[in-house]
$ cat structure15.pdb   # PDB, C-alpha atoms
ATOM      1  CA  MET A1259     -31.724 -11.349 -53.435
ATOM      2  CA  LYS A1260     -34.071  -9.462 -51.089
ATOM      3  CA  SER A1261     -32.882 -11.458 -48.086
ATOM      4  CA  LEU A1262     -29.261 -10.772 -49.039
ATOM      5  CA  ALA A1263     -30.025  -7.041 -49.360
ATOM      6  CA  SER A1264     -31.730  -7.106 -45.937
ATOM      7  CA  LEU A1265     -28.699  -8.842 -44.429
ATOM      8  CA  SER A1266     -26.442  -6.277 -46.088
ATOM      9  CA  GLY A1267     -28.479  -3.409 -44.643
ATOM     10  CA  PHE A1268     -28.414  -4.948 -41.159
ATOM     11  CA  VAL A1269     -24.649  -5.537 -41.280
ATOM     12  CA  GLY A1270     -24.102  -1.985 -42.534
ATOM     13  CA  ARG A1271     -26.152  -0.524 -39.672
ATOM     14  CA  THR A1272     -24.274  -2.593 -37.087
ATOM     15  CA  PHE A1273     -20.851  -2.033 -38.659
ATOM     16  CA  ALA A1274     -19.128  -0.988 -35.421
ATOM     17  CA  VAL A1275     -20.253  -4.162 -33.651
ATOM     18  CA  TRP A1276     -18.738  -6.400 -36.336
ATOM     19  CA  VAL A1277     -15.464  -4.461 -36.366
ATOM     20  CA  ILE A1278     -15.147  -4.836 -32.577
ATOM     21  CA  LEU A1279     -16.076  -8.524 -32.718
ATOM     22  CA  PHE A1280     -13.490  -9.367 -35.356
ATOM     23  CA  ALA A1281     -10.816  -7.245 -33.660
ATOM     24  CA  VAL A1282     -11.366  -9.369 -30.539
ATOM     25  CA  LEU A1283     -11.308 -12.582 -32.587
ATOM     26  CA  GLY A1284      -8.083 -11.464 -34.258
ATOM     27  CA  PHE A1285      -6.527 -10.941 -30.834
ATOM     28  CA  LEU A1286      -7.767 -14.277 -29.455
ATOM     29  CA  PHE A1287      -6.878 -16.341 -32.550
ATOM     30  CA  PRO A1288      -3.886 -14.511 -34.059
ATOM     31  CA  ASN A1289      -2.473 -17.496 -35.947
ATOM     32  CA  THR A1290      -5.715 -17.868 -37.881
ATOM     33  CA  PHE A1291      -6.334 -14.240 -38.759
ATOM     34  CA  LYS A1292      -2.772 -13.196 -39.530
ATOM     35  CA  LEU A1293      -2.999 -15.532 -42.530
ATOM     36  CA  ILE A1294      -5.215 -12.846 -44.087
ATOM     37  CA  ALA A1295      -2.460 -10.193 -43.866
ATOM     38  CA  PRO A1296      -1.013 -10.846 -47.376
ATOM     39  CA  TYR A1297      -4.453 -10.098 -48.839
ATOM     40  CA  ILE A1298      -5.034  -6.722 -47.143
ATOM     41  CA  VAL A1299      -4.284  -4.754 -50.321
ATOM     42  CA  ILE A1300      -6.679  -6.923 -52.346
ATOM     43  CA  LEU A1301      -9.405  -6.493 -49.730
ATOM     44  CA  LEU A1302      -8.980  -2.714 -49.765
ATOM     45  CA  GLY A1303      -9.085  -2.745 -53.569
ATOM     46  CA  ILE A1304     -12.427  -4.570 -53.431
ATOM     47  CA  ILE A1305     -13.765  -1.966 -50.984
ATOM     48  CA  MET A1306     -12.664   0.894 -53.241
ATOM     49  CA  PHE A1307     -14.152  -0.855 -56.274
ATOM     50  CA  GLY A1308     -17.453  -0.888 -54.380
ATOM     51  CA  MET A1309     -17.065   2.839 -53.714
ATOM     52  CA  GLY A1310     -16.490   3.372 -57.435
ATOM     53  CA  LEU A1311     -19.740   1.553 -58.191
ATOM     54  CA  THR A1312     -21.664   4.041 -56.059
ATOM     55  CA  LEU A1313     -19.944   7.258 -57.224
ATOM     56  CA  SER A1314     -21.504   9.400 -59.923
ATOM     57  CA  LEU A1315     -21.014  12.837 -61.443
ATOM     58  CA  ASP A1316     -23.793  14.079 -59.152
ATOM     59  CA  ASP A1317     -21.475  13.430 -56.200
ATOM     60  CA  PHE A1318     -19.116  16.088 -57.561
ATOM     61  CA  GLN A1319     -21.801  18.729 -58.091
ATOM     62  CA  ALA A1320     -21.038  20.258 -54.687
ATOM     63  CA  LEU A1321     -17.419  20.671 -55.833
ATOM     64  CA  PHE A1322     -18.488  22.755 -58.838
ATOM     65  CA  ARG A1323     -21.310  24.627 -57.110
ATOM     66  CA  ARG A1324     -19.470  25.304 -53.837
ATOM     67  CA  PRO A1325     -15.745  25.015 -54.542
ATOM     68  CA  LEU A1326     -14.745  27.207 -51.575
ATOM     69  CA  GLU A1327     -16.587  25.028 -49.051
ATOM     70  CA  VAL A1328     -15.123  21.840 -50.514
ATOM     71  CA  ALA A1329     -11.655  23.420 -50.536
ATOM     72  CA  ILE A1330     -12.059  24.345 -46.849
ATOM     73  CA  GLY A1331     -13.014  20.738 -46.028
ATOM     74  CA  VAL A1332     -10.199  19.160 -48.045
ATOM     75  CA  LEU A1333      -7.515  21.507 -46.738
ATOM     76  CA  ALA A1334      -8.786  21.161 -43.170
ATOM     77  CA  HIS A1335      -8.613  17.382 -43.492
ATOM     78  CA  PHE A1336      -5.075  17.283 -44.879
ATOM     79  CA  ILE A1337      -3.765  19.956 -42.495
ATOM     80  CA  ILE A1338      -5.513  19.206 -39.196
ATOM     81  CA  MET A1339      -5.186  15.421 -39.029
ATOM     82  CA  PRO A1340      -1.482  15.203 -40.011
ATOM     83  CA  ALA A1341      -0.654  18.135 -37.692
ATOM     84  CA  LEU A1342      -2.483  16.499 -34.779
ATOM     85  CA  ALA A1343      -0.710  13.200 -35.479
ATOM     86  CA  VAL A1344       2.710  14.878 -35.423
ATOM     87  CA  LEU A1345       1.825  16.794 -32.247
ATOM     88  CA  LEU A1346       0.680  13.628 -30.457
ATOM     89  CA  THR A1347       3.833  11.724 -31.423
ATOM     90  CA  ARG A1348       5.931  14.578 -30.045
ATOM     91  CA  ILE A1349       4.006  14.891 -26.767
ATOM     92  CA  ILE A1350       3.375  11.205 -25.988
ATOM     93  CA  PRO A1351       6.421   8.881 -25.939
ATOM     94  CA  MET A1352       5.867   5.893 -28.235
ATOM     95  CA  PRO A1353       7.967   3.419 -30.243
ATOM     96  CA  PRO A1354       9.075   4.658 -33.701
ATOM     97  CA  GLU A1355       6.888   2.104 -35.540
ATOM     98  CA  VAL A1356       3.789   3.219 -33.637
ATOM     99  CA  ALA A1357       4.629   6.895 -34.226
ATOM    100  CA  ALA A1358       5.011   6.258 -37.959
ATOM    101  CA  GLY A1359       1.675   4.424 -37.947
ATOM    102  CA  VAL A1360      -0.098   7.290 -36.153
ATOM    103  CA  ILE A1361       1.258   9.784 -38.674
ATOM    104  CA  LEU A1362       0.335   7.511 -41.578
ATOM    105  CA  VAL A1363      -3.312   7.199 -40.548
ATOM    106  CA  GLY A1364      -3.370  10.965 -39.983
ATOM    107  CA  CYS A1365      -2.260  11.520 -43.573
ATOM    108  CA  CYS A1366      -4.920   9.287 -45.131
ATOM    109  CA  PRO A1367      -7.961  10.602 -47.035
ATOM    110  CA  GLY A1368     -11.461  10.768 -45.592
ATOM    111  CA  GLY A1369     -13.242   7.571 -44.623
ATOM    112  CA  THR A1370     -16.279   6.561 -46.666
ATOM    113  CA  SER A1371     -18.336   5.947 -43.511
ATOM    114  CA  SER A1372     -18.115   9.698 -42.833
ATOM    115  CA  ASN A1373     -20.861  10.189 -45.431
ATOM    116  CA  VAL A1374     -23.215   7.852 -43.553
ATOM    117  CA  MET A1375     -22.415   9.523 -40.224
ATOM    118  CA  THR A1376     -23.048  12.965 -41.756
ATOM    119  CA  TYR A1377     -26.456  11.777 -42.963
ATOM    120  CA  LEU A1378     -27.302  10.468 -39.483
ATOM    121  CA  ALA A1379     -26.089  13.782 -37.990
ATOM    122  CA  ARG A1380     -28.446  15.737 -40.296
ATOM    123  CA  GLY A1381     -25.420  17.395 -41.828
ATOM    124  CA  ASP A1382     -24.650  18.464 -45.394
ATOM    125  CA  VAL A1383     -24.245  15.061 -47.068
ATOM    126  CA  ALA A1384     -23.412  16.486 -50.503
ATOM    127  CA  LEU A1385     -20.518  18.450 -49.014
ATOM    128  CA  SER A1386     -19.314  15.368 -47.108
ATOM    129  CA  VAL A1387     -19.392  13.168 -50.242
ATOM    130  CA  ALA A1388     -17.558  15.803 -52.284
ATOM    131  CA  CYS A1389     -14.831  16.192 -49.637
ATOM    132  CA  THR A1390     -14.392  12.406 -49.302
ATOM    133  CA  SER A1391     -14.173  12.030 -53.076
ATOM    134  CA  VAL A1392     -11.638  14.834 -53.506
ATOM    135  CA  THR A1393      -9.405  13.717 -50.629
ATOM    136  CA  THR A1394      -9.520  10.166 -52.015
ATOM    137  CA  LEU A1395      -8.541  11.314 -55.518
ATOM    138  CA  ALA A1396      -5.793  13.533 -54.064
ATOM    139  CA  ALA A1397      -4.437  10.770 -51.814
ATOM    140  CA  PRO A1398      -1.876   9.296 -54.280
ATOM    141  CA  ILE A1399       0.002  12.616 -54.253
ATOM    142  CA  VAL A1400      -0.800  14.124 -50.862
ATOM    143  CA  THR A1401      -0.561  11.076 -48.581
ATOM    144  CA  PRO A1402       2.942   9.867 -49.640
ATOM    145  CA  PHE A1403       4.257  13.443 -49.526
ATOM    146  CA  LEU A1404       2.917  14.071 -46.018
ATOM    147  CA  VAL A1405       4.093  10.684 -44.742
ATOM    148  CA  TRP A1406       7.563  11.292 -46.207
ATOM    149  CA  MET A1407       7.688  14.789 -44.674
ATOM    150  CA  PHE A1408       6.529  13.816 -41.167
ATOM    151  CA  ALA A1409       7.263  10.099 -40.637
ATOM    152  CA  SER A1410      10.675   9.646 -42.268
ATOM    153  CA  GLN A1411      12.325  10.631 -38.962
ATOM    154  CA  TYR A1412      10.928   7.393 -37.490
ATOM    155  CA  LEU A1413      11.179   4.896 -40.358
ATOM    156  CA  PRO A1414      12.432   4.990 -43.969
ATOM    157  CA  VAL A1415       9.700   6.188 -46.356
ATOM    158  CA  ASP A1416       9.606   5.528 -50.114
ATOM    159  CA  PRO A1417       7.066   8.097 -51.375
ATOM    160  CA  VAL A1418       7.271   6.978 -55.018
ATOM    161  CA  SER A1419       6.448   3.349 -54.216
ATOM    162  CA  MET A1420       3.716   4.515 -51.854
ATOM    163  CA  PHE A1421       2.277   6.694 -54.631
ATOM    164  CA  LEU A1422       2.167   3.723 -56.990
ATOM    165  CA  SER A1423       0.542   1.549 -54.327
ATOM    166  CA  ILE A1424      -2.199   4.100 -53.662
ATOM    167  CA  VAL A1425      -2.857   4.426 -57.392
ATOM    168  CA  GLN A1426      -3.227   0.634 -57.605
ATOM    169  CA  VAL A1427      -5.351   0.223 -54.498
ATOM    170  CA  ILE A1428      -7.461   3.421 -54.726
ATOM    171  CA  LEU A1429      -7.601   5.000 -58.172
ATOM    172  CA  LEU A1430      -7.657   1.878 -60.355
ATOM    173  CA  PRO A1431     -10.487   0.146 -58.429
ATOM    174  CA  LEU A1432     -12.439   3.429 -58.357
ATOM    175  CA  ALA A1433     -11.986   3.853 -62.117
ATOM    176  CA  LEU A1434     -12.998   0.231 -62.698
ATOM    177  CA  GLY A1435     -16.144   0.778 -60.629
ATOM    178  CA  LEU A1436     -17.026   3.867 -62.683
ATOM    179  CA  LEU A1437     -16.485   1.896 -65.916
ATOM    180  CA  PHE A1438     -18.821  -0.823 -64.667
ATOM    181  CA  GLN A1439     -21.419   1.875 -64.004
ATOM    182  CA  LYS A1440     -21.147   3.068 -67.581
ATOM    183  CA  PHE A1441     -21.093  -0.260 -69.414
ATOM    184  CA  VAL A1442     -23.142  -2.610 -67.197
ATOM    185  CA  PRO A1443     -25.504  -0.295 -65.273
ATOM    186  CA  GLY A1444     -28.118  -3.037 -64.777
ATOM    187  CA  LEU A1445     -25.616  -5.293 -63.049
ATOM    188  CA  VAL A1446     -24.399  -2.395 -60.885
ATOM    189  CA  ARG A1447     -27.948  -1.487 -59.798
ATOM    190  CA  ALA A1448     -28.524  -5.114 -58.800
ATOM    191  CA  ALA A1449     -25.234  -5.227 -56.858
ATOM    192  CA  ILE A1450     -25.563  -1.920 -54.942
ATOM    193  CA  PRO A1451     -27.881  -3.270 -52.178
ATOM    194  CA  VAL A1452     -25.247  -5.850 -51.143
ATOM    195  CA  LEU A1453     -22.255  -3.481 -51.260
ATOM    196  CA  PRO A1454     -22.467  -2.585 -47.535
ATOM    197  CA  LEU A1455     -22.033  -6.292 -46.753
ATOM    198  CA  VAL A1456     -18.964  -6.516 -49.006
ATOM    199  CA  SER A1457     -17.437  -3.368 -47.480
ATOM    200  CA  VAL A1458     -18.017  -4.546 -43.914
ATOM    201  CA  ILE A1459     -16.508  -7.967 -44.650
ATOM    202  CA  GLY A1460     -13.467  -6.302 -46.212
ATOM    203  CA  ILE A1461     -12.903  -3.898 -43.303
ATOM    204  CA  VAL A1462     -13.398  -6.503 -40.549
ATOM    205  CA  LEU A1463     -10.987  -8.890 -42.270
ATOM    206  CA  ILE A1464      -8.370  -6.125 -42.587
ATOM    207  CA  VAL A1465      -8.772  -5.198 -38.911
ATOM    208  CA  SER A1466      -8.643  -8.808 -37.712
ATOM    209  CA  ALA A1467      -5.562  -9.499 -39.858
ATOM    210  CA  VAL A1468      -3.689  -6.482 -38.476
ATOM    211  CA  VAL A1469      -4.679  -7.308 -34.891
ATOM    212  CA  GLY A1470      -3.690 -10.967 -35.358
ATOM    213  CA  ALA A1471      -0.301 -10.057 -36.827
ATOM    214  CA  SER A1472       0.370  -7.528 -34.044
ATOM    215  CA  LYS A1473      -0.992  -9.263 -30.946
ATOM    216  CA  GLY A1474       2.284  -8.852 -29.052
ATOM    217  CA  ALA A1475       2.504  -5.124 -29.716
ATOM    218  CA  ILE A1476      -1.146  -4.626 -28.800
ATOM    219  CA  ALA A1477      -0.725  -6.548 -25.553
ATOM    220  CA  GLN A1478       2.321  -4.444 -24.696
ATOM    221  CA  SER A1479       1.162  -0.949 -25.711
ATOM    222  CA  GLY A1480      -2.450  -1.320 -26.843
ATOM    223  CA  LEU A1481      -3.812   1.075 -24.202
ATOM    224  CA  LEU A1482      -1.312   3.744 -25.203
ATOM    225  CA  ILE A1483      -2.207   3.404 -28.893
ATOM    226  CA  PHE A1484      -5.913   3.439 -28.068
ATOM    227  CA  ALA A1485      -5.521   6.649 -26.050
ATOM    228  CA  VAL A1486      -3.613   8.301 -28.915
ATOM    229  CA  VAL A1487      -6.261   7.209 -31.437
ATOM    230  CA  VAL A1488      -9.121   8.518 -29.263
ATOM    231  CA  LEU A1489      -7.359  11.885 -28.854
ATOM    232  CA  HIS A1490      -6.501  12.100 -32.553
ATOM    233  CA  ASN A1491     -10.034  11.291 -33.667
ATOM    234  CA  GLY A1492     -11.761  13.480 -31.051
ATOM    235  CA  LEU A1493      -9.550  16.504 -31.686
ATOM    236  CA  GLY A1494     -10.143  16.020 -35.414
ATOM    237  CA  TYR A1495     -13.899  16.377 -34.883
ATOM    238  CA  LEU A1496     -13.370  19.412 -32.658
ATOM    239  CA  PHE A1497     -10.951  21.291 -34.919
ATOM    240  CA  GLY A1498     -12.964  20.385 -38.035
ATOM    241  CA  PHE A1499     -16.123  21.834 -36.485
ATOM    242  CA  PHE A1500     -14.514  25.063 -35.318
ATOM    243  CA  THR A1501     -12.614  25.546 -38.582
ATOM    244  CA  ALA A1502     -15.947  25.423 -40.435
ATOM    245  CA  LYS A1503     -17.424  27.806 -37.856
ATOM    246  CA  ALA A1504     -14.488  30.219 -38.267
ATOM    247  CA  PHE A1505     -15.290  30.432 -41.989
ATOM    248  CA  GLY A1506     -18.929  31.248 -41.206
ATOM    249  CA  LEU A1507     -20.394  27.983 -42.521
ATOM    250  CA  SER A1508     -23.882  26.912 -41.466
ATOM    251  CA  LEU A1509     -24.452  24.216 -38.837
ATOM    252  CA  PRO A1510     -25.159  21.391 -41.346
ATOM    253  CA  LYS A1511     -21.846  22.221 -43.054
ATOM    254  CA  ARG A1512     -20.029  22.395 -39.706
ATOM    255  CA  LYS A1513     -21.370  18.942 -38.848
ATOM    256  CA  ALA A1514     -20.214  17.591 -42.222
ATOM    257  CA  LEU A1515     -16.694  19.017 -41.925
ATOM    258  CA  ALA A1516     -16.293  17.951 -38.290
ATOM    259  CA  ILE A1517     -17.062  14.347 -39.232
ATOM    260  CA  GLU A1518     -15.120  14.558 -42.497
ATOM    261  CA  VAL A1519     -11.964  15.777 -40.755
ATOM    262  CA  GLY A1520     -12.199  13.345 -37.832
ATOM    263  CA  MET A1521     -12.782  10.133 -39.812
ATOM    264  CA  GLN A1522      -9.970   8.586 -41.847
ATOM    265  CA  ASN A1523      -9.665   5.867 -44.488
ATOM    266  CA  SER A1524      -7.983   3.667 -41.905
ATOM    267  CA  GLY A1525      -8.160   0.643 -44.220
ATOM    268  CA  LEU A1526      -5.710   2.419 -46.519
ATOM    269  CA  GLY A1527      -3.536   3.270 -43.516
ATOM    270  CA  ALA A1528      -3.436  -0.379 -42.453
ATOM    271  CA  ALA A1529      -2.612  -1.559 -45.974
ATOM    272  CA  LEU A1530       0.213   0.957 -46.445
ATOM    273  CA  ALA A1531       1.655   0.415 -42.964
ATOM    274  CA  ASN A1532       1.636  -3.344 -43.433
ATOM    275  CA  ALA A1533       3.280  -3.025 -46.858
ATOM    276  CA  TYR A1534       5.889  -0.339 -46.141
ATOM    277  CA  PHE A1535       6.524  -0.347 -42.394
ATOM    278  CA  SER A1536       5.463  -3.322 -40.254
ATOM    279  CA  PRO A1537       2.353  -4.954 -38.761
ATOM    280  CA  VAL A1538       3.030  -2.967 -35.576
ATOM    281  CA  ALA A1539       2.796   0.308 -37.544
ATOM    282  CA  ALA A1540      -0.588  -0.858 -38.841
ATOM    283  CA  VAL A1541      -2.036  -1.135 -35.310
ATOM    284  CA  PRO A1542      -3.025   2.575 -35.019
ATOM    285  CA  SER A1543      -4.987   2.243 -38.274
ATOM    286  CA  ALA A1544      -6.694  -0.935 -37.061
ATOM    287  CA  ILE A1545      -7.674   0.650 -33.753
ATOM    288  CA  PHE A1546      -8.745   3.821 -35.568
ATOM    289  CA  SER A1547     -11.015   1.711 -37.771
ATOM    290  CA  VAL A1548     -12.718   0.285 -34.691
ATOM    291  CA  TRP A1549     -12.921   3.503 -32.711
ATOM    292  CA  HIS A1550     -13.953   6.053 -35.352
ATOM    293  CA  ASN A1551     -17.057   4.035 -36.222
ATOM    294  CA  ILE A1552     -18.072   4.069 -32.561
ATOM    295  CA  SER A1553     -17.236   7.745 -32.033
ATOM    296  CA  GLY A1554     -18.774   8.643 -35.400
ATOM    297  CA  ALA A1555     -22.077   7.073 -34.394
ATOM    298  CA  LEU A1556     -21.968   8.866 -31.023
ATOM    299  CA  ILE A1557     -21.214  12.282 -32.503
ATOM    300  CA  ALA A1558     -23.830  11.759 -35.234
ATOM    301  CA  ASN A1559     -26.410  11.024 -32.542
ATOM    302  CA  TYR A1560     -25.374  14.180 -30.648
ATOM    303  CA  PHE A1561     -25.382  16.363 -33.773
ATOM    304  CA  SER A1562     -28.769  15.041 -34.915
ATOM    305  CA  ARG A1563     -30.378  16.712 -31.887
ATOM    306  CA  ARG A1564     -28.790  20.099 -32.561
ATOM    307  CA  ASP A1565     -30.130  22.768 -34.884
ATOM    308  CA  GLU A1566     -29.076  26.338 -35.665
ATOM    309  CA  ASP A1567     -31.014  27.745 -32.699
ATOM    310  CA  SER A1568     -29.586  25.325 -30.113
ATOM    311  CA  ALA A1569     -26.061  25.850 -31.467
ATOM    312  CA  ARG A1570     -26.130  29.568 -30.689
TER     313      ARG A1570
END
$ encode --input "structure15.pdb" --output "structure tokens"
Amino acid sequence: MKSLASLSGFVGRTFAVWVILFAVLGFLFPNTFKLIAPYIVILLGIIMFGMGLTLSLDDFQALFRRPLEVAIGVLAHFIIMPALAVLLTRIIPMPPEVAAGVILVGCCPGGTSSNVMTYLARGDVALSVACTSVTTLAAPIVTPFLVWMFASQYLPVDPVSMFLSIVQVILLPLALGLLFQKFVPGLVRAAIPVLPLVSVIGIVLIVSAVVGASKGAIAQSGLLIFAVVVLHNGLGYLFGFFTAKAFGLSLPKRKALAIEVGMQNSGLGAALANAYFSPVAAVPSAIFSVWHNISGALIANYFSRRDEDSAR
């Protein structure tokens, strides 16, 4: 078990490398990896079940102790990222399916890896975890509504079906994970060290499946989508940071909200796009999944060297 936990820790630390590797493999061997596409929702459910195993009431303490700060983070996330996505689709010409996919990933809740990046950045981890948890719990209502409001001009959107899908793929696995914590805590404690391995496997399989199913679209407009994703993600960090600064939050909190706003649950975006739009619409989410783990590590490294004095 120790060797498995060590492997899990290593894979978790080198997450970005594995995502890039499997994205490349998905592109090179599309017929193999697109066979995984029908199982994307199941894979995401497994990832969210793992998140449920690690959540506790302590993770929500920041919500009750500092509700204003959490509210700032949650509202910034669900306002800034969708608004940036809409702005980019208006400024940069792109096919309707790609535009819908960009908006969809912009409307997703916070990515769980944002908590790790906040820790590495020496930011306020408790605030990051609380914001991720709240945006995730709010996603069944907020994400379908925002997608319907902003993306229906590009492709038909069924917000009710999307709501039910997010409940099935997010809330139910999370609730199941919490139940496991309550009724079989010994088993959960034994499983936690290998959860990073499970999460990484799930994400890389989702990314490789989307890339494999959309090789043609990536070959044709991959650079355009990549540029949009880089802008979306980078501007998310920037606006998240300065929103926190505008509200007078301390540097550790600004770091947390910058990363929280900029990083999305792109696995959910890929699953929803694949289910409700097309594999092409899932490409922005797949590329986002690759890029935000690279950019997150870079910004965490930059932030880790900054303190209150150097930020002035």
$ residues_near_point --input "structure15.pdb" --point "(-25.0, 23.5, -36.9)" --cutoff "12 Å" --atoms "all atoms listed in the file" --output "ChimeraX atom specification"
/A:1376,1379-1382,1499-1500,1502-1503,1506-1516,1558,1560-1570
$ atom_distance --input "structure15.pdb" --atom1 "CA of Ile1476 (chain A)" --atom2 "CA of Leu1493 (chain A)"
22.9 Å
$ closest_residue --input "structure15.pdb" --among "A:Leu1432, A:Val1392, A:Val1277, A:Cys1365" --to "Ala1329 (chain A)" --atoms "only C-alpha atoms"
A:Val1392
$ resolve_selection --input "structure15.pdb" --expression "the PyMOL selection byres ((chain A and resi 1486) around 10)" --output "ChimeraX atom specification"
/A:1343,1346-1347,1350,1352,1357,1360,1480-1485,1487-1492,1542,1545-1546
$ closest_residue --input "structure15.pdb" --among "A:Ala1384, A:Val1538, A:Leu1293, A:Ile1349" --to "Ser1479 (chain A)" --atoms "only C-alpha atoms"
A:Val1538
$ resolve_selection --input "structure15.pdb" --expression "the PyMOL selection byres ((chain A and resi 1463) around 12)" --output "ChimeraX atom specification"
/A:1276-1284,1290-1302,1305,1456-1462,1464-1470,1525,1528-1529,1544,1547
$ residues_near_point --input "structure15.pdb" --point "(-25.7, -1.2, -47.4)" --cutoff "12 Å" --atoms "only C-alpha atoms" --output "list in words"
Leu1262, Ala1263, Ser1264, Leu1265, Ser1266, Gly1267, Phe1268, Val1269, Gly1270, Arg1271, Thr1272, Phe1273, Gly1308, Met1309, Thr1312, Ser1371, Val1374, Ala1449, Ile1450, Pro1451, Val1452, Leu1453, Pro1454, Leu1455, Val1456, Ser1457, Val1458 and Ile1459 of chain A
$ atom_distance --input "structure15.pdb" --atom1 "CA of Leu1434 (chain A)" --atom2 "CA of Ser1314 (chain A)"
12.8 Å
$ atom_distance --input "structure15.pdb" --atom1 "CA of Ile1361 (chain A)" --atom2 "CA of Ala1409 (chain A)"
6.3 Å
$ residues_around --input "structure15.pdb" --residues "Gln1319 (chain A)" --least-positions-apart "2" --cutoff "12 Å" --atoms "only C-alpha atoms" --output "mmCIF file with C-alpha atoms, keeping the file's coordinate frame"
data_model
loop_
_atom_site.group_PDB
_atom_site.id
_atom_site.type_symbol
_atom_site.label_atom_id
_atom_site.label_comp_id
_atom_site.auth_asym_id
_atom_site.auth_seq_id
_atom_site.Cartn_x
_atom_site.Cartn_y
_atom_site.Cartn_z
ATOM 1 C CA LEU A 1313 -19.944 7.258 -57.224
ATOM 2 C CA SER A 1314 -21.504 9.400 -59.923
ATOM 3 C CA LEU A 1315 -21.014 12.837 -61.443
ATOM 4 C CA ASP A 1316 -23.793 14.079 -59.152
ATOM 5 C CA ASP A 1317 -21.475 13.430 -56.200
ATOM 6 C CA LEU A 1321 -17.419 20.671 -55.833
ATOM 7 C CA PHE A 1322 -18.488 22.755 -58.838
ATOM 8 C CA ARG A 1323 -21.310 24.627 -57.110
ATOM 9 C CA ARG A 1324 -19.470 25.304 -53.837
ATOM 10 C CA PRO A 1325 -15.745 25.015 -54.542
ATOM 11 C CA VAL A 1328 -15.123 21.840 -50.514
ATOM 12 C CA VAL A 1383 -24.245 15.061 -47.068
ATOM 13 C CA ALA A 1384 -23.412 16.486 -50.503
ATOM 14 C CA LEU A 1385 -20.518 18.450 -49.014
ATOM 15 C CA SER A 1386 -19.314 15.368 -47.108
ATOM 16 C CA VAL A 1387 -19.392 13.168 -50.242
ATOM 17 C CA ALA A 1388 -17.558 15.803 -52.284
ATOM 18 C CA CYS A 1389 -14.831 16.192 -49.637
ATOM 19 C CA SER A 1391 -14.173 12.030 -53.076
ATOM 20 C CA VAL A 1392 -11.638 14.834 -53.506
#
$ closest_residue --input "structure15.pdb" --among "A:Gly1331, A:Pro1351, A:Gly1368, A:Gly1474" --to "Met1521 (chain A)" --atoms "all atoms listed in the file"
A:Gly1368
$ resolve_selection --input "structure15.pdb" --expression "the PyMOL selection byres ((chain A and resi 1337) around 12)" --output "ChimeraX atom specification"
/A:1329-1336,1338-1344,1361,1364-1367,1393,1400-1401,1404,1494,1497-1498,1501,1519-1520
$ closest_residue --input "structure15.pdb" --among "A:Val1363, A:Leu1378, A:Leu1429, A:Ala1471" --to "Ala1396 (chain A)" --atoms "all atoms listed in the file"
A:Leu1429
$ closest_residue --input "structure15.pdb" --among "A:Ala1531, A:Ala1477, A:Val1425, A:Ile1517" --to "Leu1362 (chain A)" --atoms "all atoms listed in the file"
A:Ala1531
$ closest_residue --input "structure15.pdb" --among "A:Ser1410, A:Thr1390, A:Ser1472, A:Gln1439" --to "Ala1539 (chain A)" --atoms "only C-alpha atoms"
A:Ser1472
$ residues_around --input "structure15.pdb" --residues "Ile1424 (chain A)" --least-positions-apart "3" --cutoff "9 Å" --atoms "only C-alpha atoms" --output "PyMOL selection string"
chain A and resi 1397-1399+1401-1402+1419-1421+1427-1430+1526+1530
